[in-house]
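Dumped target_0.txt below, it's compact mmCIF, C-alpha atoms:
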```
# COMPACT_ATOMS: atom_id res chain seq x y z
CA MET G 100 274.10 24.68 102.04
CA ASN G 101 274.69 25.90 98.52
CA LEU G 102 273.17 29.32 97.97
CA LEU G 103 272.80 28.77 94.25
CA HIS G 104 270.48 25.82 94.84
CA LEU G 105 268.40 27.48 97.52
CA HIS G 106 265.19 26.83 95.65
CA GLU G 107 265.79 23.07 95.70
CA GLN G 108 265.93 22.76 99.46
CA PRO G 109 262.75 22.01 101.41
CA ALA G 110 263.95 23.81 104.56
CA VAL G 111 263.63 27.23 102.87
CA TYR G 112 259.98 26.66 101.99
CA LEU G 113 259.22 25.25 105.45
CA VAL G 114 260.79 28.30 107.14
CA VAL G 115 258.84 30.68 104.89
CA ALA G 116 255.65 28.78 105.75
CA ALA G 117 256.48 28.98 109.46
CA PHE G 118 256.97 32.74 109.12
CA LEU G 119 253.62 33.11 107.33
CA LEU G 120 251.94 31.10 110.09
CA ALA G 121 253.49 33.28 112.79
CA VAL G 122 252.50 36.49 111.00
CA GLY G 123 248.97 35.19 110.51
CA ILE G 124 248.61 34.31 114.19
CA TYR G 125 249.94 37.73 115.17
CA GLY G 126 247.39 39.38 112.90
CA LEU G 127 244.60 37.21 114.26
CA ILE G 128 245.47 38.27 117.81
CA ARG G 129 246.15 41.95 117.17
CA ARG G 130 243.61 42.96 114.54
CA ARG G 131 240.57 44.67 115.98
CA THR G 132 238.28 44.48 112.95
CA LEU G 133 236.61 41.40 111.54
CA ILE G 134 237.95 41.97 108.01
CA GLY G 135 241.50 42.29 109.35
CA MET G 136 241.09 39.00 111.16
CA LEU G 137 239.75 37.44 107.94
CA ILE G 138 242.88 38.60 106.07
CA ALA G 139 245.11 37.13 108.79
CA GLY G 140 243.20 33.86 108.48
CA GLU G 141 243.88 33.84 104.74
CA ILE G 142 247.59 34.19 105.47
CA ILE G 143 247.42 31.17 107.78
CA PHE G 144 245.71 29.26 104.96
CA SER G 145 248.50 30.15 102.57
CA ALA G 146 251.09 29.02 105.14
CA ALA G 147 249.39 25.63 105.32
CA SER G 148 249.22 25.41 101.52
CA LEU G 149 252.90 26.26 101.12
CA ASN G 150 253.86 23.67 103.73
CA ILE G 151 251.81 20.98 102.01
CA MET G 152 253.28 21.87 98.63
CA ALA G 153 256.86 21.78 99.94
CA VAL G 154 256.37 18.34 101.51
CA ASN G 155 254.59 17.22 98.36
CA ARG G 156 257.42 18.34 96.10
CA PHE G 157 260.31 16.91 98.07
CA MET G 158 259.07 13.94 100.06
CA ALA G 159 255.82 12.51 98.72
CA PRO G 160 255.80 9.62 96.25
CA ASP G 161 252.78 10.94 94.34
CA PRO G 162 253.20 14.65 93.46
CA THR G 163 249.59 15.15 92.38
CA VAL G 164 248.09 14.57 95.84
CA GLY G 165 249.44 17.75 97.42
CA GLN G 166 248.43 19.88 94.43
CA ILE G 167 244.86 18.57 94.57
CA PHE G 168 244.75 19.09 98.32
CA VAL G 169 245.93 22.70 97.97
CA LEU G 170 243.32 23.21 95.25
CA PHE G 171 240.65 22.03 97.71
CA ILE G 172 242.06 24.37 100.36
CA MET G 173 241.70 27.28 97.91
CA ALA G 174 238.10 26.34 97.14
CA LEU G 175 237.23 26.06 100.82
CA ALA G 176 238.96 29.39 101.50
CA ALA G 177 236.85 31.03 98.79
CA ALA G 178 233.68 29.58 100.31
CA GLU G 179 234.77 30.71 103.76
CA VAL G 180 235.47 34.25 102.56
CA SER G 181 232.06 34.57 100.93
CA ILE G 182 230.24 33.37 104.06
CA ALA G 183 232.41 35.45 106.41
CA LEU G 184 231.94 38.63 104.37
CA SER G 185 228.18 38.23 104.28
CA ILE G 186 228.18 37.73 108.06
CA ILE G 187 230.42 40.80 108.45
CA ILE G 188 228.07 42.92 106.34
CA ALA G 189 225.04 41.70 108.33
CA VAL G 190 226.91 42.54 111.55
CA TYR G 191 227.79 46.00 110.22
CA ARG G 192 224.13 46.68 109.41
CA ASN G 193 223.12 45.81 112.95
CA TYR G 194 225.99 47.26 114.97
CA ARG G 195 227.28 50.05 112.62
CA SER G 196 230.78 48.74 113.39
CA ILE G 197 232.95 45.78 112.47
CA GLU G 198 235.02 45.97 115.60
CA SER G 199 235.43 42.53 117.12
CA ALA G 200 235.35 43.80 120.70
CA GLY G 201 231.79 45.10 120.31
CA LEU G 202 230.35 41.73 119.36
CA SER G 203 230.30 40.24 122.80
CA GLU G 204 226.51 40.09 123.12
CA LEU G 205 224.95 36.77 122.19
CA LYS G 206 221.30 37.79 122.08
CA GLY G 207 220.32 39.53 118.91
CA MET Y 1113 275.99 22.68 82.25
CA ASN Y 1114 273.81 25.61 81.23
CA ALA Y 1115 274.11 27.40 77.94
CA PHE Y 1116 273.78 30.80 79.58
CA PRO Y 1117 276.48 31.47 82.19
CA PHE Y 1118 274.47 33.50 84.72
CA SER Y 1119 271.25 31.51 84.59
CA ASP Y 1120 271.78 30.06 88.08
CA TYR Y 1121 272.09 33.58 89.53
CA ILE Y 1122 268.98 34.72 87.69
CA VAL Y 1123 267.00 31.75 89.03
CA VAL Y 1124 268.17 32.42 92.59
CA GLY Y 1125 267.35 36.12 92.15
CA ILE Y 1126 263.82 35.37 91.02
CA PHE Y 1127 263.40 32.89 93.88
CA GLY Y 1128 264.58 35.53 96.36
CA LEU Y 1129 262.14 38.00 94.81
CA ALA Y 1130 259.27 35.52 95.27
CA VAL Y 1131 260.20 34.83 98.89
CA GLY Y 1132 260.62 38.55 99.63
CA THR Y 1133 257.31 39.42 97.99
CA THR Y 1134 255.51 36.75 100.01
CA LEU Y 1135 256.98 37.84 103.33
CA ALA Y 1136 256.65 41.58 102.70
CA GLY Y 1137 253.05 41.17 101.57
CA ALA Y 1138 252.20 39.18 104.69
CA LEU Y 1139 253.79 41.86 106.89
CA ILE Y 1140 251.88 44.64 105.09
CA ALA Y 1141 248.65 42.64 105.44
CA THR Y 1142 249.12 42.25 109.17
CA LEU Y 1143 250.69 45.50 110.30
CA SER Y 1144 248.95 48.22 108.27
CA THR Y 1145 246.28 50.28 110.01
CA ARG Y 1146 244.04 50.80 106.98
CA ILE Y 1147 242.17 47.68 105.97
CA ILE Y 1148 242.44 48.38 102.25
CA ARG Y 1149 246.23 48.36 102.55
CA GLY Y 1150 245.94 45.04 104.32
CA VAL Y 1151 243.98 43.66 101.37
CA CYS Y 1152 246.68 44.95 99.00
CA GLY Y 1153 249.29 43.25 101.20
CA LEU Y 1154 247.35 40.00 100.90
CA MET Y 1155 247.35 40.41 97.11
CA ILE Y 1156 251.13 40.99 97.05
CA SER Y 1157 251.66 38.00 99.31
CA CYS Y 1158 249.55 35.81 97.03
CA VAL Y 1159 251.50 36.86 93.94
CA GLY Y 1160 254.74 35.91 95.72
CA LEU Y 1161 253.20 32.63 96.82
CA ALA Y 1162 252.30 31.89 93.21
CA GLY Y 1163 255.99 32.31 92.36
CA LEU Y 1164 256.91 29.87 95.12
CA TYR Y 1165 254.39 27.35 93.76
CA TYR Y 1166 256.05 27.73 90.37
CA PHE Y 1167 259.39 26.87 91.94
CA LEU Y 1168 257.75 23.84 93.57
CA ASN Y 1169 257.07 22.35 90.11
CA SER Y 1170 253.43 23.34 90.01
CA PRO Y 1171 252.61 26.04 87.44
CA PHE Y 1172 248.97 24.92 87.60
CA LEU Y 1173 248.68 25.90 91.25
CA ALA Y 1174 250.54 29.17 90.57
CA LEU Y 1175 247.88 30.11 88.02
CA MET Y 1176 245.09 28.98 90.34
CA GLU Y 1177 246.53 31.03 93.20
CA ILE Y 1178 246.48 34.18 91.08
CA LEU Y 1179 243.03 33.42 89.68
CA ILE Y 1180 241.32 32.54 92.95
CA TYR Y 1181 243.13 34.63 95.53
CA VAL Y 1182 244.14 37.78 93.69
CA GLY Y 1183 241.22 37.68 91.26
CA ALA Y 1184 238.37 36.53 93.45
CA VAL Y 1185 239.07 36.48 97.17
CA CYS Y 1186 240.84 39.86 97.40
CA VAL Y 1187 238.28 41.57 95.16
CA THR Y 1188 235.49 40.16 97.34
CA ILE Y 1189 237.22 41.47 100.46
CA VAL Y 1190 237.52 44.88 98.77
CA PHE Y 1191 233.74 44.81 98.24
CA GLY Y 1192 233.35 43.98 101.91
CA VAL Y 1193 235.54 46.93 102.86
CA MET Y 1194 233.48 49.21 100.61
CA LEU Y 1195 230.25 48.10 102.25
CA SER Y 1196 231.54 48.47 105.80
CA GLU Y 1197 234.10 50.76 107.36
CA PRO Y 1198 237.54 51.40 105.84
CA ASP Y 1199 239.74 51.97 108.88
CA GLU Y 1200 240.74 50.20 112.02
CA PRO Y 1201 239.06 51.97 114.92
CA PRO Y 1202 241.39 53.74 117.33
CA GLU Y 1203 242.52 51.74 120.31
CA ILE Y 1204 240.24 52.10 123.31
CA GLY Y 1205 241.63 51.54 126.76
CA LYS Y 1206 244.89 52.08 128.48
CA ARG Y 1207 248.12 52.37 126.59
CA HIS Y 1208 250.13 49.94 128.65
CA HIS Y 1209 247.43 47.30 128.12
CA ALA Y 1210 247.97 47.62 124.39
CA ILE Y 1211 251.73 47.33 124.80
CA LEU Y 1212 251.24 44.28 127.01
CA TRP Y 1213 248.93 42.62 124.48
CA GLY Y 1214 251.30 43.45 121.62
CA GLY Y 1215 254.26 42.00 123.50
CA GLY Y 1216 252.33 38.87 124.41
CA ALA Y 1217 251.20 38.36 120.82
CA MET Y 1218 254.76 38.91 119.59
CA LEU Y 1219 256.04 36.34 122.10
CA VAL Y 1220 253.46 33.74 121.05
CA CYS Y 1221 254.29 34.26 117.38
CA ALA Y 1222 258.03 34.11 117.96
CA ALA Y 1223 257.55 30.81 119.81
CA VAL Y 1224 255.39 29.42 116.99
CA PHE Y 1225 257.88 30.54 114.36
CA ALA Y 1226 260.89 29.16 116.26
CA THR Y 1227 259.24 25.79 116.82
CA ALA Y 1228 257.97 25.38 113.27
CA ALA Y 1229 261.21 26.60 111.69
CA HIS Y 1230 263.27 24.32 113.94
CA LEU Y 1231 261.11 21.36 112.93
CA GLY Y 1232 261.45 22.32 109.28
CA VAL Y 1233 265.22 22.74 109.31
CA ARG Y 1234 266.31 20.06 111.76
CA GLY Y 1235 263.51 17.54 111.26
CA ASN Y 1236 264.50 14.17 109.84
CA TRP Y 1237 262.35 14.27 106.74
CA PRO Y 1238 262.26 11.03 104.79
CA VAL Y 1239 262.83 11.38 101.08
CA SER Y 1240 260.64 9.18 98.99
CA PRO Y 1241 262.67 6.94 96.65
CA VAL Y 1242 260.06 6.49 93.94
CA ARG Y 1243 257.77 8.82 92.05
CA VAL Y 1244 254.64 7.23 90.64
CA ASN Y 1245 254.04 10.09 88.18
CA ASP Y 1246 255.45 13.47 87.21
CA GLY Y 1247 252.82 15.72 88.80
CA SER Y 1248 251.88 17.38 85.52
CA VAL Y 1249 248.52 18.98 84.76
CA LYS Y 1250 247.51 15.84 82.90
CA ALA Y 1251 248.24 13.69 85.95
CA ILE Y 1252 246.29 16.12 88.16
CA GLY Y 1253 243.31 15.95 85.83
CA THR Y 1254 243.41 12.16 85.76
CA SER Y 1255 243.44 11.80 89.51
CA LEU Y 1256 240.82 14.55 89.98
CA LEU Y 1257 238.43 12.60 87.77
CA THR Y 1258 239.27 9.14 89.14
CA THR Y 1259 240.60 8.95 92.71
CA TYR Y 1260 239.32 12.30 94.00
CA SER Y 1261 236.12 12.64 91.95
CA MET Y 1262 233.90 12.32 95.05
CA ALA Y 1263 235.80 15.05 96.93
CA PHE Y 1264 235.73 17.20 93.79
CA GLU Y 1265 231.93 16.95 93.56
CA LEU Y 1266 231.59 17.62 97.28
CA ILE Y 1267 233.70 20.79 96.91
CA SER Y 1268 231.37 22.05 94.19
CA LEU Y 1269 228.42 21.33 96.50
CA VAL Y 1270 230.14 23.23 99.34
CA LEU Y 1271 230.68 26.22 97.05
CA LEU Y 1272 227.01 26.19 96.01
CA VAL Y 1273 225.85 26.02 99.63
CA ALA Y 1274 228.27 28.81 100.53
CA ILE Y 1275 226.90 31.11 97.82
CA VAL Y 1276 223.28 30.44 98.80
CA GLY Y 1277 224.12 30.81 102.50
CA ALA Y 1278 225.93 34.11 101.89
CA LEU Y 1279 222.89 35.45 100.03
CA VAL Y 1280 220.52 34.33 102.79
CA VAL Y 1281 222.62 35.81 105.61
CA ALA Y 1282 223.10 39.14 103.84
CA ARG Y 1283 219.38 39.35 102.96
CA PHE Y 1284 218.16 38.73 106.48
CA GLY Y 1285 220.36 41.57 107.66
CA ARG Y 1286 218.60 43.83 105.20
CA THR Y 1287 214.97 42.94 105.99
CA LYS Y 1288 215.51 43.46 109.68
CA GLU Y 1289 215.91 47.22 109.42
```
Turn this file's structure into structure tokens for me.
Amino acid sequence: MNLLHLHEQPAVYLVVAAFLLAVGIYGLIRRRTLIGMLIAGEIIFSAASLNIMAVNRFMAPDPTVGQIFVLFIMALAAAEVSIALSIIIAVYRNYRSIESAGLSELKG
Amino acid sequence: MNAFPFSDYIVVGIFGLAVGTTLAGALIATLSTRIIRGVCGLMISCVGLAGLYYFLNSPFLALMEILIYVGAVCVTIVFGVMLSEPDEPPEIGKRHHAILWGGGAMLVCAAVFATAAHLGVRGNWPVSPVRVNDGSVKAIGTSLLTTYSMAFELISLVLLVAIVGALVVARFGRTKE
């Protein structure tokens, strides 16, 4: 493995994406607030995007497909963030807390 | 082959900087106790990720990453932090429970990372022999308006529904008080 051509090897990108996925899952498990869990979810999204882009760059016959797919992922992530934040703010108004452990009641 | 003798080293240095920024930002986003620092970590991570996209022959996605994530998503999360509480609440419960949970989470993540990294490094990835186009912005625009035009329109519809839904949810929370 030539160190000077590190940026032309797909394994590097795939390992970075695996690390981002692991960090995101750790955050999703360990974070106790809803916004922290949302941030961890965004990191998992970026891991998926990086993986798709690496495969798209090195193995796919049509290099536009992965870029368009990642663009759609970004749009869906933006939609998800707007919905999730409005739910979080509504929850904070009702519970005066955004702690995920306090939201175990279903009736409300 | 290059006119400038150290250009290979500079390229590798910038690539290492992008990788390091991405990983460090993700770690800050996950491990910091204040939420606002987590948001800043997400921003740093997204800037590094934009650099990685640039190395993957996609300057268009690098720009989009900075525009959408750093410019829109992170700023929206900052608004959310301002409207709710800024800190992680202190841990309630016994200390050894927390250590147990932390260790379990660490174990799960190490397993996920080891599996995915092993697949990435050792996997027998087929390399495509032909490229049908060069993946430029022009090619992206052409396929967005021909092959993927339906999905493109549906995404715009999803964004509209998301905005209206966010307004409705946040308003109902207000009228209830």
What are the residues of chain G lining chain Y at 6 Å or less? Count all atoms listed in the file, and put the answer as a short mmCIF file (atom, residue, chain, number, x, y, z; two decimals) with C-alpha atoms, in the coordinates of the input.
```cif
data_model
loop_
_atom_site.label_atom_id
_atom_site.label_comp_id
_atom_site.auth_asym_id
_atom_site.auth_seq_id
_atom_site.Cartn_x
_atom_site.Cartn_y
_atom_site.Cartn_z
CA ALA G 110 263.95 23.81 104.56
CA LEU G 113 259.22 25.25 105.45
CA VAL G 114 260.79 28.30 107.14
CA ALA G 117 256.48 28.98 109.46
CA PHE G 118 256.97 32.74 109.12
CA ALA G 121 253.49 33.28 112.79
CA TYR G 125 249.94 37.73 115.17
CA GLY G 126 247.39 39.38 112.90
CA MET G 158 259.07 13.94 100.06
CA ALA G 159 255.82 12.51 98.72
CA PRO G 160 255.80 9.62 96.25
CA ASP G 161 252.78 10.94 94.34
CA PRO G 162 253.20 14.65 93.46
CA THR G 163 249.59 15.15 92.38
CA ALA G 178 233.68 29.58 100.31
CA ILE G 182 230.24 33.37 104.06
CA SER G 185 228.18 38.23 104.28
CA ALA G 189 225.04 41.70 108.33
#
```
- Query: From the set Y:Met1194, Y:Leu1269, Y:Leu1212, Y:Ile1178, which residue has the shortest atom-to-atom contact distance to Ile187 in chain G, counting all atoms listed in the file?
  - Reply: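 Closest to Ile187 in chain G of all the choices is Y:Met1194.
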Kindly list the centre and edge lengths in Å, rounded to one decimal, for the axis-aligned box that covers all listed atoms of range 1124-1140 of chain Y plus 8 Å on each of its six sides, as JSON.
```
{"center_x": 260.0, "center_y": 38.5, "center_z": 99.0, "size_x": 32.3, "size_y": 28.2, "size_z": 31.9}
```
- In Å, how far is it from CA of Ala1174 in chain Y to CA of Ala183 in chain G? 24.9 Å
- Message: What's the separation between CA of Asn101 in chain G and CA of Val122 in chain G, in Å to one decimal place?
- Response: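 According to the coordinates, CA of Asn101 in chain G and CA of Val122 in chain G are separated by 27.6 Å.
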- Query: If you measure from CA of Gly135 in chain G to CA of Phe171 in chain G, what distance in Å do you get, rounded to one decimal?
  - Reply: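 These atoms are spaced 23.4 Å apart.
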- Item | Among listed residues Y:Arg1149, Y:His1209, Y:Val1182, Y:Gly1163, nearest Ile134 in chain G (using only C-alpha atoms) |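 Selected residue with least distance to Ile134 in chain G: Y:Arg1149.
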My structure is short of atoms at range 175-194 of chain G; please model N, CA and C atoms there, returning them as a compact mmCIF listing (two decimals), in the frame of the given file.
```txt
# COMPACT_ATOMS: atom_id res chain seq x y z
N LEU G 175 237.86 25.87 99.51
CA LEU G 175 237.23 26.06 100.82
C LEU G 175 237.48 27.46 101.35
N ALA G 176 238.67 28.03 101.05
CA ALA G 176 238.96 29.39 101.50
C ALA G 176 238.02 30.38 100.80
N ALA G 177 237.76 30.13 99.51
CA ALA G 177 236.85 31.03 98.79
C ALA G 177 235.45 30.96 99.38
N ALA G 178 235.00 29.73 99.70
CA ALA G 178 233.68 29.58 100.31
C ALA G 178 233.64 30.28 101.67
N GLU G 179 234.71 30.11 102.43
CA GLU G 179 234.77 30.71 103.76
C GLU G 179 234.73 32.23 103.68
N VAL G 180 235.46 32.79 102.70
CA VAL G 180 235.47 34.25 102.56
C VAL G 180 234.09 34.76 102.21
N SER G 181 233.38 34.06 101.32
CA SER G 181 232.06 34.57 100.93
C SER G 181 231.11 34.55 102.12
N ILE G 182 231.11 33.45 102.88
CA ILE G 182 230.24 33.37 104.06
C ILE G 182 230.65 34.43 105.09
N ALA G 183 231.95 34.53 105.37
CA ALA G 183 232.41 35.45 106.41
C ALA G 183 232.07 36.89 106.04
N LEU G 184 232.24 37.24 104.75
CA LEU G 184 231.94 38.63 104.37
C LEU G 184 230.46 38.92 104.49
N SER G 185 229.61 37.94 104.14
CA SER G 185 228.18 38.23 104.28
C SER G 185 227.81 38.39 105.75
N ILE G 186 228.44 37.56 106.63
CA ILE G 186 228.18 37.73 108.06
C ILE G 186 228.67 39.10 108.53
N ILE G 187 229.86 39.51 108.04
CA ILE G 187 230.42 40.80 108.45
C ILE G 187 229.49 41.94 108.03
N ILE G 188 228.95 41.84 106.81
CA ILE G 188 228.07 42.92 106.34
C ILE G 188 226.78 42.94 107.15
N ALA G 189 226.25 41.74 107.48
CA ALA G 189 225.04 41.70 108.33
C ALA G 189 225.34 42.29 109.70
N VAL G 190 226.53 41.98 110.25
CA VAL G 190 226.91 42.54 111.55
C VAL G 190 227.04 44.06 111.46
N TYR G 191 227.60 44.55 110.36
CA TYR G 191 227.79 46.00 110.22
C TYR G 191 226.44 46.72 110.12
N ARG G 192 225.46 46.06 109.48
CA ARG G 192 224.13 46.68 109.41
C ARG G 192 223.50 46.80 110.79
N ASN G 193 223.74 45.79 111.63
CA ASN G 193 223.12 45.81 112.95
C ASN G 193 223.87 46.68 113.95
N TYR G 194 225.19 46.62 113.93
CA TYR G 194 225.99 47.26 114.97
C TYR G 194 226.60 48.59 114.52
```
